$ cat run10.cif   # mmCIF, C-alpha atoms
data_protein
#
loop_
_atom_site.group_PDB
_atom_site.id
_atom_site.type_symbol
_atom_site.label_atom_id
_atom_site.label_comp_id
_atom_site.auth_asym_id
_atom_site.auth_seq_id
_atom_site.Cartn_x
_atom_site.Cartn_y
_atom_site.Cartn_z
ATOM 1 C CA MET A 1 165.431 122.766 142.600
ATOM 2 C CA SER A 2 166.445 124.898 145.592
ATOM 3 C CA PHE A 3 169.896 124.830 147.152
ATOM 4 C CA PHE A 4 168.559 123.056 150.246
ATOM 5 C CA SER A 5 166.696 120.367 148.324
ATOM 6 C CA LYS A 6 169.866 119.715 146.258
ATOM 7 C CA LEU A 7 171.793 119.438 149.513
ATOM 8 C CA ARG A 8 169.208 117.042 150.907
ATOM 9 C CA LYS A 9 169.260 114.952 147.734
ATOM 10 C CA ASN A 10 173.074 114.694 147.708
ATOM 11 C CA ASP A 11 173.136 113.854 151.396
ATOM 12 C CA GLU A 12 170.448 111.211 150.914
ATOM 13 C CA SER A 13 172.013 109.562 147.883
ATOM 14 C CA GLN A 14 175.258 109.336 149.892
ATOM 15 C CA LEU A 15 173.333 107.810 152.804
ATOM 16 C CA ILE A 16 171.643 105.265 150.534
ATOM 17 C CA LYS A 17 175.013 104.242 149.058
ATOM 18 C CA GLN A 18 176.257 103.709 152.622
ATOM 19 C CA LEU A 19 173.188 101.599 153.439
ATOM 20 C CA ILE A 20 173.614 99.421 150.356
ATOM 21 C CA ALA A 21 177.320 99.060 151.194
ATOM 22 C CA GLY A 22 176.259 97.826 154.643
ATOM 23 C CA ASP A 23 177.569 100.710 156.767
ATOM 24 C CA GLN A 24 176.356 100.025 160.327
ATOM 25 C CA ARG A 25 176.255 103.723 161.290
ATOM 26 C CA ALA A 26 174.067 104.564 158.302
ATOM 27 C CA PHE A 27 171.530 101.979 159.522
ATOM 28 C CA GLN A 28 171.516 103.491 162.994
ATOM 29 C CA ARG A 29 171.072 106.978 161.569
ATOM 30 C CA VAL A 30 168.155 106.020 159.315
ATOM 31 C CA VAL A 31 166.348 103.884 161.888
ATOM 32 C CA SER A 32 166.627 106.474 164.651
ATOM 33 C CA ALA A 33 165.549 109.290 162.293
ATOM 34 C CA HIS A 34 162.451 107.579 160.846
ATOM 35 C CA HIS A 35 161.247 104.767 163.118
ATOM 36 C CA ASN A 36 159.104 107.057 165.286
ATOM 37 C CA THR A 37 157.235 108.631 162.355
ATOM 38 C CA MET A 38 156.735 105.224 160.729
ATOM 39 C CA LEU A 39 155.252 103.907 163.964
ATOM 40 C CA SER A 40 152.988 106.941 164.186
ATOM 41 C CA VAL A 41 151.658 106.352 160.660
ATOM 42 C CA ALA A 42 151.158 102.619 161.273
ATOM 43 C CA ARG A 43 149.241 103.256 164.505
ATOM 44 C CA ALA A 44 147.039 105.829 162.771
ATOM 45 C CA ILE A 45 146.065 103.407 160.018
ATOM 46 C CA VAL A 46 146.004 99.960 161.597
ATOM 47 C CA GLY A 47 145.837 100.688 165.334
ATOM 48 C CA GLU A 48 148.068 99.850 168.262
ATOM 49 C CA ALA A 49 147.833 96.059 168.133
ATOM 50 C CA PHE A 50 149.457 95.497 164.737
ATOM 51 C CA ALA A 51 151.547 98.650 164.344
ATOM 52 C CA ASP A 52 154.871 97.287 165.582
ATOM 53 C CA GLU A 53 154.632 94.281 163.296
ATOM 54 C CA VAL A 54 153.670 96.445 160.306
ATOM 55 C CA VAL A 55 156.653 98.744 160.898
ATOM 56 C CA GLN A 56 159.073 95.811 161.224
ATOM 57 C CA ASP A 57 157.760 94.387 157.933
ATOM 58 C CA ALA A 58 158.052 97.816 156.307
ATOM 59 C CA TRP A 59 161.709 98.113 157.342
ATOM 60 C CA ILE A 60 162.455 94.678 155.874
ATOM 61 C CA SER A 61 160.659 95.530 152.597
ATOM 62 C CA ALA A 62 162.496 98.847 152.424
ATOM 63 C CA ILE A 63 165.934 97.292 152.941
ATOM 64 C CA LYS A 64 165.233 94.705 150.240
ATOM 65 C CA ALA A 65 163.972 97.380 147.836
ATOM 66 C CA LEU A 66 166.723 99.880 148.617
ATOM 67 C CA PRO A 67 168.815 99.194 145.462
ATOM 68 C CA GLN A 68 165.720 100.117 143.411
ATOM 69 C CA PHE A 69 165.138 103.421 145.269
ATOM 70 C CA GLU A 70 165.289 106.104 142.567
ATOM 71 C CA GLY A 71 165.193 109.192 144.753
ATOM 72 C CA ARG A 72 162.053 110.652 143.152
ATOM 73 C CA SER A 73 160.772 111.366 146.648
ATOM 74 C CA SER A 74 162.728 111.832 149.856
ATOM 75 C CA LEU A 75 163.818 108.703 151.722
ATOM 76 C CA LYS A 76 161.452 109.688 154.557
ATOM 77 C CA THR A 77 158.412 109.942 152.262
ATOM 78 C CA TRP A 78 159.362 106.669 150.538
ATOM 79 C CA LEU A 79 159.575 104.860 153.890
ATOM 80 C CA LEU A 80 156.254 106.345 155.014
ATOM 81 C CA HIS A 81 154.538 105.165 151.825
ATOM 82 C CA ILE A 82 155.908 101.648 152.379
ATOM 83 C CA VAL A 83 154.647 101.534 155.958
ATOM 84 C CA ALA A 84 151.292 103.092 154.992
ATOM 85 C CA ASN A 85 150.753 100.538 152.205
ATOM 86 C CA GLY A 86 151.624 97.707 154.582
ATOM 87 C CA ALA A 87 149.239 99.092 157.203
ATOM 88 C CA LYS A 88 146.404 99.517 154.687
ATOM 89 C CA THR A 89 146.840 95.906 153.511
ATOM 90 C CA ARG A 90 146.703 94.813 157.140
ATOM 91 C CA VAL A 91 143.568 96.888 157.724
ATOM 92 C CA ARG A 92 141.848 95.152 154.821
ATOM 93 C CA ARG A 93 142.904 91.757 156.169
ATOM 94 C CA GLU A 94 141.789 92.517 159.713
ATOM 95 C CA ASN A 95 138.743 94.496 158.571
ATOM 96 C CA ARG A 96 139.558 97.331 160.950
ATOM 97 C CA MET A 97 138.560 100.958 160.542
ATOM 98 C CA SER A 98 139.974 104.061 162.225
ATOM 99 C CA SER A 99 137.632 106.895 163.089
ATOM 100 C CA LEU A 100 138.311 110.606 162.820
ATOM 101 C CA ASP A 101 135.731 111.312 165.484
ATOM 102 C CA ASP A 102 137.803 110.642 168.554
ATOM 103 C CA ASN A 103 136.954 112.595 171.657
ATOM 104 C CA TRP A 104 138.921 115.825 171.901
ATOM 105 C CA GLU A 105 138.873 119.080 173.825
ATOM 106 C CA SER A 106 137.633 121.917 171.630
ATOM 107 C CA GLU A 107 137.748 125.518 172.798
ATOM 108 C CA PRO A 108 134.866 125.156 175.336
ATOM 109 C CA ALA A 109 131.578 126.706 174.200
ATOM 110 C CA ASP A 110 131.124 128.404 177.605
ATOM 111 C CA LYS A 111 134.017 130.718 176.722
ATOM 112 C CA PHE A 112 131.727 132.548 174.239
ATOM 113 C CA ASP A 113 128.451 134.454 174.564
ATOM 114 C CA ARG A 114 125.466 133.905 172.252
ATOM 115 C CA THR A 115 126.933 136.227 169.629
ATOM 116 C CA GLY A 116 130.262 134.353 169.577
ATOM 117 C CA HIS A 117 132.272 136.904 171.594
ATOM 118 C CA ARG A 118 134.635 135.806 174.340
ATOM 119 C CA TYR A 119 133.524 136.343 177.949
ATOM 120 C CA ASP A 120 137.038 136.440 179.376
ATOM 121 C CA ASP A 121 140.177 138.255 178.443
ATOM 122 C CA VAL A 122 142.862 136.200 176.775
ATOM 123 C CA LEU A 123 146.204 137.434 177.986
ATOM 124 C CA PRO A 124 149.400 137.086 176.002
ATOM 125 C CA TRP A 125 151.762 134.381 177.187
ATOM 126 C CA GLU A 126 154.871 135.804 178.678
ATOM 127 C CA LEU A 127 157.177 133.463 176.899
ATOM 128 C CA ALA A 128 160.860 133.317 176.384
ATOM 129 C CA THR A 129 162.040 131.328 173.369
ATOM 130 C CA PRO A 130 160.577 127.815 172.994
ATOM 131 C CA GLU A 131 164.036 126.407 173.779
ATOM 132 C CA ALA A 132 164.170 128.333 177.089
ATOM 133 C CA ILE A 133 160.642 127.236 177.997
ATOM 134 C CA LEU A 134 161.515 123.632 177.362
ATOM 135 C CA ALA A 135 164.510 123.825 179.659
ATOM 136 C CA ASN A 136 161.721 123.376 182.201
ATOM 137 C CA ASP A 137 161.372 119.585 182.585
ATOM 138 C CA GLN A 138 157.814 119.819 183.864
ATOM 139 C CA LEU A 139 156.502 121.421 180.674
ATOM 140 C CA GLN A 140 158.452 118.991 178.507
ATOM 141 C CA THR A 141 156.801 116.123 180.420
ATOM 142 C CA ILE A 142 153.334 117.685 180.034
ATOM 143 C CA ILE A 143 153.816 117.990 176.262
ATOM 144 C CA GLU A 144 155.140 114.446 175.932
ATOM 145 C CA HIS A 145 152.298 113.049 178.049
ATOM 146 C CA THR A 146 149.570 115.070 176.261
ATOM 147 C CA PHE A 147 150.939 114.084 172.857
ATOM 148 C CA GLN A 148 150.941 110.404 173.755
ATOM 149 C CA LYS A 149 147.321 110.596 174.889
ATOM 150 C CA LEU A 150 146.147 112.129 171.592
ATOM 151 C CA PRO A 151 144.289 109.778 169.233
ATOM 152 C CA ALA A 152 146.679 108.028 166.821
ATOM 153 C CA LEU A 153 145.458 109.879 163.699
ATOM 154 C CA GLN A 154 145.983 113.261 165.378
ATOM 155 C CA ARG A 155 149.495 112.235 166.448
ATOM 156 C CA ALA A 156 150.318 111.107 162.923
ATOM 157 C CA ALA A 157 149.034 114.344 161.349
ATOM 158 C CA LEU A 158 150.906 116.501 163.872
ATOM 159 C CA THR A 159 154.104 114.458 163.574
ATOM 160 C CA MET A 160 154.141 114.585 159.796
ATOM 161 C CA TYR A 161 153.018 118.218 159.326
ATOM 162 C CA ASP A 162 154.487 120.128 162.268
ATOM 163 C CA LEU A 163 157.464 117.989 163.265
ATOM 164 C CA GLU A 164 158.607 116.470 159.970
ATOM 165 C CA GLY A 165 157.474 119.213 157.585
ATOM 166 C CA ILE A 166 155.870 116.773 155.146
ATOM 167 C CA GLU A 167 153.674 118.421 152.517
ATOM 168 C CA MET A 168 149.904 118.280 152.906
ATOM 169 C CA ASN A 169 149.277 116.318 149.680
ATOM 170 C CA GLU A 170 151.807 113.658 150.769
ATOM 171 C CA ILE A 171 150.108 113.342 154.167
ATOM 172 C CA CYS A 172 146.739 112.901 152.429
ATOM 173 C CA ASN A 173 148.217 110.130 150.240
ATOM 174 C CA ILE A 174 149.926 108.408 153.160
ATOM 175 C CA LEU A 175 146.860 108.414 155.405
ATOM 176 C CA SER A 176 144.332 108.135 152.532
ATOM 177 C CA ILE A 177 142.224 111.007 153.867
ATOM 178 C CA SER A 178 141.279 114.412 152.444
ATOM 179 C CA SER A 179 143.199 117.599 153.244
ATOM 180 C CA SER A 180 140.185 118.960 155.118
ATOM 181 C CA ASN A 181 140.311 115.895 157.371
ATOM 182 C CA VAL A 182 144.047 116.377 157.954
ATOM 183 C CA ARG A 183 143.287 120.029 158.840
ATOM 184 C CA VAL A 184 140.666 118.884 161.362
ATOM 185 C CA LEU A 185 143.159 116.464 162.933
ATOM 186 C CA LEU A 186 145.846 119.159 163.149
ATOM 187 C CA HIS A 187 143.386 121.645 164.647
ATOM 188 C CA ARG A 188 142.307 119.157 167.303
ATOM 189 C CA ALA A 189 145.850 118.102 168.177
ATOM 190 C CA ARG A 190 147.149 121.666 168.461
ATOM 191 C CA THR A 191 144.079 122.792 170.443
ATOM 192 C CA THR A 192 144.535 119.995 172.987
ATOM 193 C CA LEU A 193 148.240 120.797 173.391
ATOM 194 C CA HIS A 194 147.402 124.512 173.714
ATOM 195 C CA HIS A 195 144.935 123.763 176.536
ATOM 196 C CA LYS A 196 147.546 121.849 178.483
ATOM 197 C CA ILE A 197 150.232 124.502 178.036
ATOM 198 C CA GLU A 198 147.683 127.176 179.015
ATOM 199 C CA GLN A 199 146.763 125.255 182.172
ATOM 200 C CA TYR A 200 150.438 124.964 183.001
ATOM 201 C CA GLN A 201 150.981 128.696 182.414
ATOM 202 C CA GLN A 202 148.065 129.547 184.732
ATOM 203 C CA SER A 203 149.269 127.171 187.450
ATOM 204 C CA GLU A 204 152.667 128.895 187.388
ATOM 205 C CA LYS A 205 151.193 132.360 188.095
ATOM 206 C CA MET B 206 131.150 139.982 160.545
ATOM 207 C CA TYR B 207 133.394 137.378 162.138
ATOM 208 C CA GLN B 208 133.362 136.730 165.902
ATOM 209 C CA CYS B 209 135.811 135.346 168.477
ATOM 210 C CA LYS B 210 134.294 131.869 168.049
ATOM 211 C CA ASP B 211 135.202 131.954 164.325
ATOM 212 C CA ILE B 212 138.814 132.752 165.221
ATOM 213 C CA ALA B 213 138.880 129.814 167.670
ATOM 214 C CA ASP B 214 137.483 127.509 164.957
ATOM 215 C CA GLU B 215 139.699 128.723 162.112
ATOM 216 C CA VAL B 216 142.903 129.764 163.869
ATOM 217 C CA ASN B 217 144.929 126.825 162.542
ATOM 218 C CA ASN B 218 143.699 127.266 158.976
ATOM 219 C CA TYR B 219 144.557 130.972 159.332
ATOM 220 C CA ILE B 220 148.108 130.121 160.445
ATOM 221 C CA ASP B 221 148.553 127.461 157.724
ATOM 222 C CA GLY B 222 147.159 129.774 155.022
ATOM 223 C CA ASP B 223 144.360 127.393 154.128
ATOM 224 C CA LEU B 224 141.402 129.784 153.841
ATOM 225 C CA THR B 225 139.521 131.536 151.065
ATOM 226 C CA ILE B 226 140.703 135.108 150.566
ATOM 227 C CA GLY B 227 137.317 136.470 151.739
ATOM 228 C CA LYS B 228 137.425 134.549 154.992
ATOM 229 C CA ARG B 229 141.075 135.442 155.566
ATOM 230 C CA ILE B 230 140.320 139.161 155.175
ATOM 231 C CA GLY B 231 137.254 138.856 157.435
ATOM 232 C CA LEU B 232 139.273 137.160 160.191
ATOM 233 C CA PHE B 233 142.118 139.647 159.724
ATOM 234 C CA PHE B 234 139.748 142.562 160.394
ATOM 235 C CA HIS B 235 138.389 140.831 163.493
ATOM 236 C CA LEU B 236 141.978 140.365 164.697
ATOM 237 C CA LEU B 237 142.674 144.075 164.140
ATOM 238 C CA LEU B 238 139.815 144.964 166.470
ATOM 239 C CA CYS B 239 140.069 142.211 169.106
ATOM 240 C CA SER B 240 143.111 141.976 171.378
ATOM 241 C CA CYS B 241 141.834 138.736 172.968
ATOM 242 C CA CYS B 242 141.879 137.002 169.608
ATOM 243 C CA ARG B 243 145.295 138.446 168.752
ATOM 244 C CA ASN B 244 146.569 136.980 172.012
ATOM 245 C CA TYR B 245 144.860 133.664 171.257
ATOM 246 C CA LEU B 246 146.516 133.582 167.820
ATOM 247 C CA GLN B 247 149.887 134.282 169.457
ATOM 248 C CA GLN B 248 149.280 131.451 171.950
ATOM 249 C CA ILE B 249 148.513 128.943 169.174
ATOM 250 C CA ARG B 250 151.602 130.040 167.229
ATOM 251 C CA SER B 251 153.669 129.615 170.412
ATOM 252 C CA THR B 252 152.111 126.180 170.966
ATOM 253 C CA ILE B 253 153.259 125.070 167.499
ATOM 254 C CA SER B 254 156.792 126.438 168.114
ATOM 255 C CA ILE B 255 157.040 124.821 171.552
ATOM 256 C CA VAL B 256 155.817 121.434 170.296
ATOM 257 C CA THR B 257 158.146 121.611 167.294
ATOM 258 C CA VAL B 258 161.109 122.178 169.605
ATOM 259 C CA ALA B 259 159.903 119.593 172.165
ATOM 260 C CA ARG B 260 159.521 116.932 169.422
ATOM 261 C CA PRO B 261 157.328 114.565 171.484
ATOM 262 C CA LYS B 262 157.597 110.931 170.438
ATOM 263 C CA GLU B 263 155.368 107.885 170.233
ATOM 264 C CA GLN B 264 155.478 105.502 173.189
ATOM 265 C CA ASN B 265 157.817 102.891 171.856
ATOM 266 C CA ASP B 266 159.519 99.849 173.340
ATOM 267 C CA THR B 267 161.621 99.100 170.270
ATOM 268 C CA ASP B 268 165.348 99.096 170.866
ATOM 269 C CA ILE B 269 166.541 101.237 167.953
ATOM 270 C CA ASP B 270 170.134 99.932 168.089
ATOM 271 C CA THR B 271 169.008 96.298 167.997
ATOM 272 C CA LEU B 272 166.620 96.961 165.104
ATOM 273 C CA ALA B 273 169.369 98.772 163.179
ATOM 274 C CA LYS B 274 171.706 95.786 163.724
ATOM 275 C CA GLN B 275 169.022 93.321 162.551
ATOM 276 C CA LEU B 276 168.439 95.346 159.385
ATOM 277 C CA HIS B 277 172.170 95.623 158.841
ATOM 278 C CA ASN B 278 172.477 91.810 159.041
ATOM 279 C CA LEU B 279 169.532 91.407 156.686
ATOM 280 C CA CYS B 280 171.234 93.729 154.214
ATOM 281 C CA HIS B 281 174.362 91.533 154.331
ATOM 282 C CA GLN B 282 172.298 88.392 153.767
ATOM 283 C CA GLU B 283 170.546 90.000 150.792
ATOM 284 C CA HIS B 284 173.892 91.054 149.388
ATOM 285 C CA ASP B 285 175.337 87.514 149.786
ATOM 286 C CA HIS B 286 172.194 85.992 148.275
ATOM 287 C CA ASN B 287 172.447 88.259 145.221
ATOM 288 C CA GLN B 288 176.109 87.346 144.752
ATOM 289 C CA ILE B 289 175.319 83.589 144.511
#

$ encode --input "run10.cif" --output "C-alpha cells"
Amino acid sequence: MSFFSKLRKNDESQLIKQLIAGDQRAFQRVVSAHHNTMLSVARAIVGEAFADEVVQDAWISAIKALPQFEGRSSLKTWLLHIVANGAKTRVRRENRMSSLDDNWESEPADKFDRTGHRYDDVLPWELATPEAILANDQLQTIIEHTFQKLPALQRAALTMYDLEGIEMNEICNILSISSSNVRVLLHRARTTLHHKIEQYQQSEK
Amino acid sequence: MYQCKDIADEVNNYIDGDLTIGKRIGLFFHLLLCSCCRNYLQQIRSTISIVTVARPKEQNDTDIDTLAKQLHNLCHQEHDHNQI
C-alpha cells in the first residue's frame, strides 16, 4: 500500500468514526464531497426524474450501514456502489433504459480530406496555467454550461474518471457498462468540451 | 499508415494509454510528422486539465447543509434505536 493510500485510509477511518459518533461537521464534509458525484451516477443510470429520490435513499441506506463499513474500498466508491445499486433497482422497477447513443459533436468530418488528412492548420493554444485561464469567469461559465448540457452518462463518466480519479474497472462496475463504452463516453464528453473551449479561444483572437 | 482522422478518433485512448502497442507506435509516428496533430493532442490535454481544475458540477437544487443535518438526525435516531 502506498503512503498516500495509507494516508487516505487513516483519514477515512477517522472520518467514519466521527460520522458514527454523530459529528455534525463530518456529515457536512461527506455530503458536500460526494453528493454531486452520487447524483451524476444516479442520473446516468435512472434518468433525471428519479435521480434525486434515489440519491436520498442511498444516503439513508449508507448512514444505516455505516457501522458495517469495512473499508475494503474507499468511502467514495462504497457510496457510489450504493447509489448505483439503488438506481439499477429503480430502473428495473420503472423499466427504463439509458442509451449510449446520445447526440454529440464529433470532430466534424469536413475537417479532413478523403485520405483522412486535415484541411486546416491546428494552432497550439496559447495558454497560461489552467488556474489562470479559469480566473476568467466567462470560460468557467462556458465549461459549466457545456458540462451540464452533456448527456447524463457522459457527465458521469467524466466526473468519475477525470474529476474523481476513480479507476476504470470501478466505473464499469458502477455503471454496468464495458470499458470500451466508458472510453466512448469519455471521448465524446472531452471532445464536446474541447470544441467549446476552442470556439471561445477563437472568439478571443 | 495512420492519418489525422485516426488521431482525432483515438486521441483520448492515446492519452489514457488504452491502445495496443502497434496502434500506439503508429499514432506516435504520425504525431512526429504532423504538427497539426501534435497541437490537437496538446489542446485535448489542456481541455482535460482545464476541466479538472474547473470541476463543473451537476445542476442541483439540493441544499447540502439541510441534507447533512437530516442525515445527522437520522444517525442519532439509529443510535438511540440501537441502544433500546

$ closest_residue --input "run10.cif" --among "B:Val258, B:Ile226, B:Glu215, B:Gly231" --to "A:Ala132" --atoms "all atoms listed in the file"
B:Val258

$ closest_residue --input "run10.cif" --among "B:Cys241, B:Gly222, B:Ile230, B:Ser251" --to "B:Lys210" --atoms "only C-alpha atoms"
B:Cys241

$ interface_residues --input "run10.cif" --of "chain A" --to "chain B" --cutoff "7 Å" --atoms "all atoms listed in the file" --output "number ranges by chain"
A: 22, 24, 27-28, 31-32, 36, 40, 60, 63, 107, 112, 116-118, 121-125, 130-131, 134, 140, 143-144, 147-148, 162-163, 187, 194

$ closest_residue --input "run10.cif" --among "A:Ile166, A:Ile82, A:Ala62, A:Ile45" --to "A:Leu19" --atoms "all atoms listed in the file"
A:Ala62

$ atom_distance --input "run10.cif" --atom1 "atom CA of A:Gln138" --atom2 "atom CA of A:Ala33"
25.2 Å

$ resolve_selection --input "run10.cif" --expression "the PyMOL selection byres ((chain A and resi 56) around 10)" --output "MDAnalysis selection string"
(chainID A and resid 35 38:39 51:55 57:62 83) or (chainID B and resid 267 272 276)

$ resolve_selection --input "run10.cif" --expression "the PyMOL selection byres ((chain A and resi 150) around 10)" --output "list in words"
Asp102, Asn103, Trp104, His145, Thr146, Phe147, Gln148, Lys149, Pro151, Ala152, Leu153, Gln154, Arg155, Ala156, Arg188, Ala189, Thr192 and Leu193 of chain A

$ closest_residue --input "run10.cif" --among "A:Lys196, A:Arg92, A:Arg183, A:His81" --to "B:Ile220" --atoms "only C-alpha atoms"
A:Arg183
